[in-house]
file target.cif (mmCIF, C-alpha atoms)
data_query
#
loop_
_atom_site.group_PDB
_atom_site.id
_atom_site.type_symbol
_atom_site.label_atom_id
_atom_site.label_comp_id
_atom_site.auth_asym_id
_atom_site.auth_seq_id
_atom_site.Cartn_x
_atom_site.Cartn_y
_atom_site.Cartn_z
ATOM 1 C CA MET A 1 15.058 48.048 22.676
ATOM 2 C CA PRO A 2 16.540 44.758 23.880
ATOM 3 C CA ARG A 3 15.090 41.737 22.175
ATOM 4 C CA PRO A 4 13.547 38.976 24.240
ATOM 5 C CA PRO A 5 15.334 35.749 24.982
ATOM 6 C CA SER A 6 14.442 32.678 23.024
ATOM 7 C CA PRO A 7 11.011 31.495 24.146
ATOM 8 C CA ALA A 8 12.171 27.933 23.888
ATOM 9 C CA GLN A 9 13.487 28.342 27.416
ATOM 10 C CA SER A 10 10.199 29.574 28.819
ATOM 11 C CA PRO A 11 8.204 27.361 31.164
ATOM 12 C CA ASP A 12 5.353 26.465 28.879
ATOM 13 C CA ALA A 13 4.889 23.231 30.786
ATOM 14 C CA THR A 14 3.322 25.255 33.587
ATOM 15 C CA MET A 15 0.439 26.399 31.439
ATOM 16 C CA PRO A 16 -2.732 24.497 30.750
ATOM 17 C CA LYS A 17 -3.220 23.090 27.304
ATOM 18 C CA ARG A 18 -6.809 22.842 26.316
ATOM 19 C CA ASN A 19 -6.742 19.545 24.473
ATOM 20 C CA GLU A 20 -4.745 17.785 27.129
ATOM 21 C CA GLU A 21 -6.892 19.092 29.948
ATOM 22 C CA THR A 22 -10.267 18.413 28.534
ATOM 23 C CA ALA A 23 -10.080 15.721 25.913
ATOM 24 C CA ALA A 24 -11.220 13.009 28.252
ATOM 25 C CA SER A 25 -14.057 14.921 29.818
ATOM 26 C CA ARG A 26 -15.430 17.056 27.004
ATOM 27 C CA PRO A 27 -18.433 15.623 25.193
ATOM 28 C CA ALA A 28 -17.696 15.991 21.504
ATOM 29 C CA GLY A 29 -19.196 19.123 20.112
ATOM 30 C CA ARG A 30 -21.148 19.902 23.232
ATOM 31 C CA THR A 31 -19.004 22.212 25.279
ATOM 32 C CA SER A 32 -17.613 25.476 24.025
ATOM 33 C CA PHE A 33 -14.105 25.772 25.348
ATOM 34 C CA THR A 34 -14.689 29.344 26.389
ATOM 35 C CA SER A 35 -15.987 27.815 29.585
ATOM 36 C CA ILE A 36 -13.091 25.490 30.293
ATOM 37 C CA ASN A 37 -10.220 27.903 30.571
ATOM 38 C CA PRO A 38 -9.779 28.664 34.235
ATOM 39 C CA PRO A 39 -8.274 32.020 35.229
ATOM 40 C CA ASN A 40 -4.495 31.893 35.181
ATOM 41 C CA PRO A 41 -2.737 34.671 37.101
ATOM 42 C CA ILE A 42 0.652 33.857 35.554
ATOM 43 C CA GLU A 43 -0.676 34.284 32.054
ATOM 44 C CA ASP A 44 -2.674 37.351 33.047
ATOM 45 C CA ASP A 45 0.509 39.069 34.185
ATOM 46 C CA VAL A 46 2.426 38.067 31.073
ATOM 47 C CA LEU A 47 -0.463 39.192 28.915
ATOM 48 C CA ALA A 48 -0.689 42.589 30.581
ATOM 49 C CA ARG A 49 3.021 43.165 30.077
ATOM 50 C CA ALA A 50 2.844 42.051 26.460
ATOM 51 C CA GLN A 51 -0.043 44.420 25.850
ATOM 52 C CA ALA A 52 2.101 47.199 27.284
ATOM 53 C CA GLY A 53 4.754 46.456 24.653
ATOM 54 C CA ASP A 54 7.090 44.240 26.663
ATOM 55 C CA HIS A 55 8.816 42.072 24.053
ATOM 56 C CA GLN A 56 10.044 39.584 26.604
ATOM 57 C CA ALA A 57 6.467 39.058 27.736
ATOM 58 C CA PHE A 58 5.437 38.546 24.126
ATOM 59 C CA ALA A 59 8.125 35.900 23.799
ATOM 60 C CA GLN A 60 6.696 34.211 26.864
ATOM 61 C CA LEU A 61 3.228 34.289 25.340
ATOM 62 C CA TYR A 62 4.659 32.648 22.255
ATOM 63 C CA ALA A 63 6.261 29.952 24.364
ATOM 64 C CA LEU A 64 3.027 29.373 26.249
ATOM 65 C CA HIS A 65 0.857 29.002 23.169
ATOM 66 C CA LYS A 66 3.130 27.936 20.336
ATOM 67 C CA ARG A 67 2.381 24.225 20.558
ATOM 68 C CA ARG A 68 -1.356 24.694 20.590
ATOM 69 C CA ILE A 69 -1.369 27.171 17.725
ATOM 70 C CA TYR A 70 1.100 25.217 15.620
ATOM 71 C CA SER A 71 -0.831 22.007 16.179
ATOM 72 C CA LEU A 72 -4.078 23.755 15.279
ATOM 73 C CA CYS A 73 -2.583 25.047 12.025
ATOM 74 C CA LEU A 74 -1.142 21.637 11.252
ATOM 75 C CA ARG A 75 -4.501 19.933 11.798
ATOM 76 C CA MET A 76 -6.350 22.430 9.669
ATOM 77 C CA VAL A 77 -4.056 22.464 6.642
ATOM 78 C CA GLY A 78 -2.390 19.064 6.943
ATOM 79 C CA ASN A 79 0.931 20.402 5.695
ATOM 80 C CA ILE A 80 3.996 21.102 7.850
ATOM 81 C CA ALA A 81 5.465 23.943 5.790
ATOM 82 C CA GLU A 82 2.126 25.731 5.562
ATOM 83 C CA ALA A 83 1.497 25.187 9.260
ATOM 84 C CA GLU A 84 4.827 26.824 10.062
ATOM 85 C CA ASP A 85 4.037 29.836 7.897
ATOM 86 C CA LEU A 86 0.565 30.130 9.394
ATOM 87 C CA THR A 87 1.893 29.886 12.938
ATOM 88 C CA GLN A 88 4.295 32.689 12.178
ATOM 89 C CA GLU A 89 1.536 34.793 10.660
ATOM 90 C CA ALA A 90 -0.804 34.094 13.583
ATOM 91 C CA PHE A 91 1.721 35.385 16.106
ATOM 92 C CA LEU A 92 2.528 38.404 13.984
ATOM 93 C CA GLN A 93 -1.200 39.139 13.882
ATOM 94 C CA LEU A 94 -1.266 38.645 17.630
ATOM 95 C CA HIS A 95 1.515 41.186 18.051
ATOM 96 C CA ARG A 96 -0.416 43.707 15.993
ATOM 97 C CA LYS A 97 -3.749 43.105 17.676
ATOM 98 C CA ILE A 98 -2.887 42.208 21.238
ATOM 99 C CA GLY A 99 -3.819 45.688 22.386
ATOM 100 C CA THR A 100 -7.397 45.070 21.259
ATOM 101 C CA PHE A 101 -7.886 42.096 23.577
ATOM 102 C CA ARG A 102 -10.328 43.210 26.245
ATOM 103 C CA GLY A 103 -10.806 40.017 28.222
ATOM 104 C CA ASP A 104 -14.347 39.309 27.055
ATOM 105 C CA SER A 105 -13.261 35.707 26.623
ATOM 106 C CA ALA A 106 -10.246 33.734 27.791
ATOM 107 C CA PHE A 107 -7.084 34.877 26.059
ATOM 108 C CA SER A 108 -6.400 31.370 24.807
ATOM 109 C CA THR A 109 -9.842 31.307 23.213
ATOM 110 C CA TRP A 110 -9.293 34.689 21.624
ATOM 111 C CA LEU A 111 -5.893 33.642 20.285
ATOM 112 C CA HIS A 112 -7.351 30.359 19.067
ATOM 113 C CA ARG A 113 -9.952 32.222 17.057
ATOM 114 C CA LEU A 114 -7.385 34.643 15.728
ATOM 115 C CA ALA A 115 -5.291 31.712 14.511
ATOM 116 C CA ILE A 116 -8.314 30.043 12.953
ATOM 117 C CA ASN A 117 -9.108 33.258 11.099
ATOM 118 C CA VAL A 118 -5.550 33.393 9.806
ATOM 119 C CA VAL A 119 -5.884 29.827 8.535
ATOM 120 C CA LEU A 120 -9.292 30.491 7.015
ATOM 121 C CA MET A 121 -7.983 33.538 5.180
ATOM 122 C CA GLN A 122 -5.187 31.441 3.770
ATOM 123 C CA LEU A 123 -7.537 28.641 2.752
ATOM 124 C CA ARG A 124 -9.798 31.125 1.002
ATOM 125 C CA LYS A 125 -6.839 32.535 -0.874
ATOM 126 C CA LYS A 126 -6.106 29.007 -1.998
ATOM 127 C CA GLY A 127 -9.625 28.567 -3.280
ATOM 128 C CA LEU A 128 -11.587 26.970 -0.470
ATOM 129 C CA SER A 129 -14.701 28.982 -1.114
ATOM 130 C CA LEU A 130 -17.965 28.789 0.728
ATOM 131 C CA ILE A 131 -19.529 28.127 -2.631
ATOM 132 C CA SER A 132 -17.760 24.822 -2.622
ATOM 133 C CA LEU A 133 -19.165 24.130 0.810
ATOM 134 C CA ASP A 134 -22.674 24.928 -0.395
ATOM 135 C CA GLU A 135 -22.261 22.849 -3.502
ATOM 136 C CA ALA A 136 -21.266 19.968 -1.338
ATOM 137 C CA MET A 137 -24.710 20.129 0.214
ATOM 138 C CA GLU A 138 -26.117 18.579 -2.916
ATOM 139 C CA PRO A 139 -26.181 14.811 -2.574
ATOM 140 C CA THR A 140 -24.273 12.921 -5.213
ATOM 141 C CA PRO A 141 -24.768 9.292 -6.148
ATOM 142 C CA GLU A 142 -21.830 8.475 -3.888
ATOM 143 C CA GLU A 143 -22.854 10.685 -1.032
ATOM 144 C CA GLY A 144 -26.614 10.563 -0.993
ATOM 145 C CA PRO A 145 -28.499 9.401 2.035
ATOM 146 C CA GLY A 146 -28.822 5.880 0.751
ATOM 147 C CA ARG A 147 -25.102 5.279 0.518
ATOM 148 C CA SER A 148 -24.873 3.653 3.893
ATOM 149 C CA PHE A 149 -27.259 0.846 3.088
ATOM 150 C CA GLY A 150 -25.903 -2.639 3.182
ATOM 151 C CA ALA A 151 -22.839 -4.051 4.894
ATOM 152 C CA PRO A 152 -24.152 -3.674 8.423
ATOM 153 C CA ASP A 153 -21.641 -6.324 9.409
ATOM 154 C CA LEU A 154 -18.736 -3.896 9.529
ATOM 155 C CA THR A 155 -18.856 -1.797 12.617
ATOM 156 C CA LEU A 156 -16.080 0.366 13.923
ATOM 157 C CA THR A 157 -16.925 0.251 17.569
ATOM 158 C CA GLY A 158 -13.819 -0.461 19.561
ATOM 159 C CA ALA A 159 -11.742 -0.911 16.437
ATOM 160 C CA ILE A 160 -10.563 2.586 15.550
ATOM 161 C CA ASP A 161 -6.850 2.997 15.240
ATOM 162 C CA ARG A 162 -5.866 6.573 16.101
ATOM 163 C CA LEU A 163 -3.222 6.812 13.391
ATOM 164 C CA ALA A 164 -5.609 5.395 10.808
ATOM 165 C CA LEU A 165 -8.170 8.011 11.801
ATOM 166 C CA GLU A 166 -5.598 10.801 11.604
ATOM 167 C CA ARG A 167 -4.629 9.639 8.148
ATOM 168 C CA ALA A 168 -8.259 9.463 7.096
ATOM 169 C CA VAL A 169 -8.854 12.982 8.384
ATOM 170 C CA ALA A 170 -5.813 14.222 6.483
ATOM 171 C CA ASP A 171 -7.245 12.672 3.312
ATOM 172 C CA LEU A 172 -10.619 14.399 3.655
ATOM 173 C CA PRO A 173 -11.452 17.134 1.173
ATOM 174 C CA ALA A 174 -10.432 20.479 2.639
ATOM 175 C CA GLY A 175 -13.951 21.681 3.403
ATOM 176 C CA TYR A 176 -14.951 18.498 5.177
ATOM 177 C CA ARG A 177 -11.691 18.378 7.101
ATOM 178 C CA LEU A 178 -12.102 21.960 8.223
ATOM 179 C CA ILE A 179 -15.535 21.455 9.731
ATOM 180 C CA PHE A 180 -14.621 18.090 11.251
ATOM 181 C CA ILE A 181 -11.587 19.641 12.927
ATOM 182 C CA LEU A 182 -13.482 22.680 14.135
ATOM 183 C CA HIS A 183 -16.390 20.662 15.558
ATOM 184 C CA ASP A 184 -15.168 17.247 16.601
ATOM 185 C CA VAL A 185 -11.568 18.056 17.479
ATOM 186 C CA GLU A 186 -11.636 21.707 18.525
ATOM 187 C CA GLY A 187 -15.066 21.612 20.112
ATOM 188 C CA PHE A 188 -16.758 24.523 18.362
ATOM 189 C CA GLU A 189 -20.529 24.511 18.131
ATOM 190 C CA HIS A 190 -22.310 24.616 14.790
ATOM 191 C CA ASN A 191 -23.470 28.182 15.309
ATOM 192 C CA GLU A 192 -19.864 29.239 15.960
ATOM 193 C CA ILE A 193 -18.632 27.413 12.874
ATOM 194 C CA ALA A 194 -21.393 28.919 10.766
ATOM 195 C CA SER A 195 -20.347 32.352 11.936
ATOM 196 C CA MET A 196 -16.667 31.708 11.263
ATOM 197 C CA LEU A 197 -17.241 30.264 7.811
ATOM 198 C CA ASP A 198 -20.152 32.496 6.897
ATOM 199 C CA CYS A 199 -22.389 29.564 6.112
ATOM 200 C CA SER A 200 -25.653 28.287 7.528
ATOM 201 C CA ILE A 201 -25.868 26.144 10.640
ATOM 202 C CA GLY A 202 -27.573 23.475 8.547
ATOM 203 C CA ASN A 203 -24.671 23.546 6.146
ATOM 204 C CA SER A 204 -22.240 23.058 8.992
ATOM 205 C CA LYS A 205 -24.217 20.086 10.313
ATOM 206 C CA SER A 206 -24.463 18.563 6.871
ATOM 207 C CA GLN A 207 -20.762 18.974 6.145
ATOM 208 C CA LEU A 208 -19.830 17.425 9.459
ATOM 209 C CA HIS A 209 -22.117 14.494 8.806
ATOM 210 C CA LYS A 210 -20.613 13.910 5.389
ATOM 211 C CA ALA A 211 -17.126 14.189 6.799
ATOM 212 C CA ARG A 212 -17.923 11.494 9.368
ATOM 213 C CA LEU A 213 -19.450 9.296 6.688
ATOM 214 C CA LYS A 214 -16.312 9.615 4.590
ATOM 215 C CA LEU A 215 -14.176 8.774 7.591
ATOM 216 C CA ARG A 216 -16.345 5.763 8.310
ATOM 217 C CA ASP A 217 -15.904 4.510 4.773
ATOM 218 C CA ALA A 218 -12.157 5.055 4.916
ATOM 219 C CA LEU A 219 -11.794 3.308 8.257
ATOM 220 C CA ARG A 220 -13.947 0.339 7.279
ATOM 221 C CA LYS A 221 -11.627 -0.316 4.372
ATOM 222 C CA HIS A 222 -8.802 -0.819 6.832
ATOM 223 C CA LEU A 223 -10.600 -3.020 9.325
ATOM 224 C CA PRO A 224 -8.725 -6.249 9.972
ATOM 225 C CA GLN A 225 -10.321 -9.189 8.220
ATOM 226 C CA GLU A 226 -11.023 -11.016 11.477
ATOM 227 C CA THR A 227 -13.245 -8.172 12.732
ATOM 228 C CA GLN A 228 -15.503 -8.510 9.719
ATOM 229 C CA LEU A 229 -18.392 -10.769 10.628
ATOM 230 C CA MET B 1 -38.773 -0.584 1.157
ATOM 231 C CA THR B 2 -40.496 0.773 4.226
ATOM 232 C CA HIS B 3 -38.974 -0.133 7.562
ATOM 233 C CA PRO B 4 -40.819 -0.470 10.801
ATOM 234 C CA GLY B 5 -41.221 2.875 12.429
ATOM 235 C CA GLU B 6 -42.952 4.188 9.314
ATOM 236 C CA MET B 7 -39.719 5.719 8.001
ATOM 237 C CA SER B 8 -37.351 4.336 5.416
ATOM 238 C CA CYS B 9 -33.595 4.294 5.944
ATOM 239 C CA ALA B 10 -33.246 6.945 3.256
ATOM 240 C CA GLU B 11 -35.709 9.205 5.033
ATOM 241 C CA PHE B 12 -34.070 8.622 8.401
ATOM 242 C CA GLN B 13 -30.560 9.216 7.116
ATOM 243 C CA ALA B 14 -31.657 12.342 5.324
ATOM 244 C CA HIS B 15 -32.614 13.735 8.720
ATOM 245 C CA LEU B 16 -29.512 12.436 10.511
ATOM 246 C CA PRO B 17 -27.347 15.578 10.252
ATOM 247 C CA GLU B 18 -30.069 17.631 11.878
ATOM 248 C CA LEU B 19 -30.912 14.956 14.454
ATOM 249 C CA ILE B 20 -27.282 14.484 15.459
ATOM 250 C CA GLY B 21 -26.590 18.203 15.384
ATOM 251 C CA SER B 22 -29.497 18.904 17.689
ATOM 252 C CA GLY B 23 -27.901 16.758 20.364
ATOM 253 C CA GLN B 24 -31.152 15.028 21.186
ATOM 254 C CA ASP B 25 -31.253 11.485 22.504
ATOM 255 C CA MET B 26 -32.097 9.259 19.581
ATOM 256 C CA SER B 27 -32.086 5.939 21.394
ATOM 257 C CA ASN B 28 -35.875 5.814 21.367
ATOM 258 C CA HIS B 29 -36.293 6.943 17.798
ATOM 259 C CA PRO B 30 -38.874 4.611 16.239
ATOM 260 C CA HIS B 31 -36.718 3.913 13.205
ATOM 261 C CA LEU B 32 -33.609 3.118 15.216
ATOM 262 C CA ARG B 33 -35.474 0.740 17.480
ATOM 263 C CA GLU B 34 -36.287 -1.397 14.481
ATOM 264 C CA CYS B 35 -33.377 -0.873 12.077
ATOM 265 C CA GLU B 36 -30.073 -2.581 12.691
ATOM 266 C CA LEU B 37 -28.465 -0.883 9.687
ATOM 267 C CA CYS B 38 -29.065 2.599 10.949
ATOM 268 C CA ARG B 39 -28.210 1.690 14.519
ATOM 269 C CA ALA B 40 -24.818 0.454 13.280
ATOM 270 C CA LEU B 41 -24.342 3.606 11.223
ATOM 271 C CA LEU B 42 -25.136 5.846 14.154
ATOM 272 C CA ALA B 43 -22.845 3.864 16.466
ATOM 273 C CA ASP B 44 -19.989 4.210 13.983
ATOM 274 C CA LEU B 45 -20.491 7.948 13.637
ATOM 275 C CA GLN B 46 -20.519 8.326 17.392
ATOM 276 C CA THR B 47 -17.359 6.229 17.660
ATOM 277 C CA ILE B 48 -15.634 8.498 15.157
ATOM 278 C CA ALA B 49 -16.754 11.634 16.987
ATOM 279 C CA ASP B 50 -15.532 10.214 20.287
ATOM 280 C CA ALA B 51 -12.209 9.153 18.798
ATOM 281 C CA ALA B 52 -11.696 12.617 17.329
ATOM 282 C CA ARG B 53 -11.173 14.014 20.802
ATOM 283 C CA GLN B 54 -8.060 11.897 21.142
ATOM 284 C CA LEU B 55 -6.631 12.940 17.809
ATOM 285 C CA PHE B 56 -3.615 15.010 17.056
ATOM 286 C CA PRO B 57 -1.461 15.337 20.134
ATOM 287 C CA GLN B 58 0.136 18.747 20.334
ATOM 288 C CA GLU B 59 3.397 19.062 18.477
ATOM 289 C CA GLU B 60 6.389 21.279 19.056
ATOM 290 C CA PRO B 61 6.944 23.780 16.276
ATOM 291 C CA PRO B 62 10.478 24.201 14.918
ATOM 292 C CA ALA B 63 12.557 26.834 16.723
ATOM 293 C CA GLU B 64 13.088 28.650 13.442
ATOM 294 C CA ILE B 65 9.536 29.959 13.584
ATOM 295 C CA TRP B 66 10.370 32.202 16.514
ATOM 296 C CA ASP B 67 13.485 33.426 14.732
ATOM 297 C CA LYS B 68 11.339 34.453 11.788
ATOM 298 C CA ILE B 69 8.788 36.121 14.041
ATOM 299 C CA GLU B 70 11.526 38.058 15.821
ATOM 300 C CA SER B 71 12.999 39.122 12.525
ATOM 301 C CA ALA B 72 9.602 40.306 11.272
ATOM 302 C CA LEU B 73 8.957 42.179 14.520
ATOM 303 C CA LYS B 74 12.307 43.898 14.281
ATOM 304 C CA SER B 75 11.466 44.916 10.758
ATOM 305 C CA GLU B 76 8.065 46.256 11.847
ATOM 306 C CA ASP B 77 9.660 48.091 14.778
ATOM 307 C CA GLY B 78 12.137 49.656 12.404
ATOM 308 C CA LYS B 79 9.357 50.930 10.186
ATOM 309 C CA GLU B 80 7.511 52.401 13.145
ATOM 310 C CA GLU B 81 10.635 54.101 14.471
ATOM 311 C CA SER B 82 11.351 55.603 11.056
ATOM 312 C CA LEU B 83 7.936 57.248 10.926
ATOM 313 C CA PRO B 84 7.878 60.940 11.794
ATOM 314 C CA LYS B 85 6.489 61.524 15.244
ATOM 315 C CA SER B 86 3.205 63.429 15.330
ATOM 316 C CA LYS B 87 3.233 66.601 17.400
#

call {"tool": "encode", "arguments": {"input": "target.cif", "output": "structure tokens"}}
result
Amino acid sequence: MPRPPSPAQSPDATMPKRNEETAASRPAGRTSFTSINPPNPIEDDVLARAQAGDHQAFAQLYALHKRRIYSLCLRMVGNIAEAEDLTQEAFLQLHRKIGTFRGDSAFSTWLHRLAINVVLMQLRKKGLSLISLDEAMEPTPEEGPGRSFGAPDLTLTGAIDRLALERAVADLPAGYRLIFILHDVEGFEHNEIASMLDCSIGNSKSQLHKARLKLRDALRKHLPQETQL
Amino acid sequence: MTHPGEMSCAEFQAHLPELIGSGQDMSNHPHLRECELCRALLADLQTIADAARQLFPQEEPPAEIWDKIESALKSEDGKEESLPKSK
């Protein structure tokens, strides 16, 4: 069977990319992106051919989705080499499972979830257990509800530097980073995250809150002196 | 210390994950109306959540990833083709 051409030549610029399309309009954590993927006849045709075993069509699917999946993996693990391995594994899983896609959701959503599951499996292998998520529910002296008292004179509004925030996210503990990425960046709802991570909805909300608190602390440390009242 | 609104900051912040997660409008919450500390905290958390949507522009993966995928697919194809066909 002839192998497909390199997907690098495929016209991925013609396909919608969820983050780019919706970042400005999507309220954080309010809209599931299953509802923001419009039908795409080009992708539908490519998908149907890939499901029928057309390797060239599979290469096109790779080209269409590689940036989104790679970027997702990179965000979730914060490590380039691991993100490359996970991207590879996600598309190999896609090749094995593409015949099971029935169109109940948008293909991009389905693939997104498949990739997230690949990452989660890897994180679990590395020891990110849900026990650690549950343990993190217990307030510590540093993380208890009273930790935000004082210093009301440092507010972030209008002062967040995107690179500083990305660095702060990368420095979050793995469990916090995971839920922050899934909710605030990827747009999953708490019930979806709870299902993915096999934890309670309350746990998801609590972890997200603690992640944001940690980010706030990290960002406040880097506020320019003149913005401190 | 008890703040106006009959709820301390500790009590309010203990409920914050659930309040934020519920998506309800908190602008009229009795504690927030009276407490500058917690208003500032909530504003910061909202700023972070809003900023998150602009994070992480999509990046191009290295071309070698596709080479590896192709190689793995060829290997899997080879295994399938070497299996005896069922009658």

call {"tool": "atom_distance", "arguments": {"input": "target.cif", "atom1": "CA of Asp184 in chain A", "atom2": "CA of Phe91 in chain A"}}
result
24.8 Å

call {"tool": "resolve_selection", "arguments": {"input": "target.cif", "expression": "the PyMOL selection byres ((chain B and resi 13-28) around 6)", "output": "PyMOL selection string"}}
result
(chain A and resi 145+205-206+209) or (chain B and resi 9-12+29)

call {"tool": "atom_distance", "arguments": {"input": "target.cif", "atom1": "CA of Ser105 in chain A", "atom2": "CA of Ile201 in chain A"}}
result
22.5 Å

call {"tool": "interface_residues", "arguments": {"input": "target.cif", "of": "chain B", "to": "chain A", "cutoff": "7 Å", "atoms": "all atoms listed in the file", "output": "number ranges by chain"}}
result
B: 10, 13-14, 17-18, 21, 37, 40, 44-45, 47-50, 52-55, 58-61, 65, 69

call {"tool": "write_last_selection", "arguments": {"input": "target.cif", "atoms": "C-alpha atoms", "output": "compact mmCIF listing (two decimals), in the frame of the given file"}}
result
# COMPACT_ATOMS: atom_id res chain seq x y z
CA ALA B 10 -33.25 6.94 3.26
CA GLN B 13 -30.56 9.22 7.12
CA ALA B 14 -31.66 12.34 5.32
CA PRO B 17 -27.35 15.58 10.25
CA GLU B 18 -30.07 17.63 11.88
CA GLY B 21 -26.59 18.20 15.38
CA LEU B 37 -28.46 -0.88 9.69
CA ALA B 40 -24.82 0.45 13.28
CA ASP B 44 -19.99 4.21 13.98
CA LEU B 45 -20.49 7.95 13.64
CA THR B 47 -17.36 6.23 17.66
CA ILE B 48 -15.63 8.50 15.16
CA ALA B 49 -16.75 11.63 16.99
CA ASP B 50 -15.53 10.21 20.29
CA ALA B 52 -11.70 12.62 17.33
CA ARG B 53 -11.17 14.01 20.80
CA GLN B 54 -8.06 11.90 21.14
CA LEU B 55 -6.63 12.94 17.81
CA GLN B 58 0.14 18.75 20.33
CA GLU B 59 3.40 19.06 18.48
CA GLU B 60 6.39 21.28 19.06
CA PRO B 61 6.94 23.78 16.28
CA ILE B 65 9.54 29.96 13.58
CA ILE B 69 8.79 36.12 14.04

call {"tool": "residues_around", "arguments": {"input": "target.cif", "residues": "Phe58 in chain A", "least_positions_apart": "3", "cutoff": "8 Å", "atoms": "all atoms listed in the file", "output": "compact mmCIF listing (two decimals) with C-alpha atoms, in the frame of the given file"}}
result
# COMPACT_ATOMS: atom_id res chain seq x y z
CA VAL A 46 2.43 38.07 31.07
CA LEU A 47 -0.46 39.19 28.92
CA ARG A 49 3.02 43.16 30.08
CA ALA A 50 2.84 42.05 26.46
CA GLY A 53 4.75 46.46 24.65
CA ASP A 54 7.09 44.24 26.66
CA HIS A 55 8.82 42.07 24.05
CA LEU A 61 3.23 34.29 25.34
CA TYR A 62 4.66 32.65 22.26
CA HIS A 95 1.52 41.19 18.05

call {"tool": "atom_distance", "arguments": {"input": "target.cif", "atom1": "CA of Leu64 in chain A", "atom2": "CA of Gln122 in chain A"}}
result
24.0 Å

call {"tool": "closest_residue", "arguments": {"input": "target.cif", "among": "A:Leu114, A:Ala48, A:Ile98, A:Ala164", "to": "Ala51 in chain B", "atoms": "all atoms listed in the file"}}
result
A:Ala164
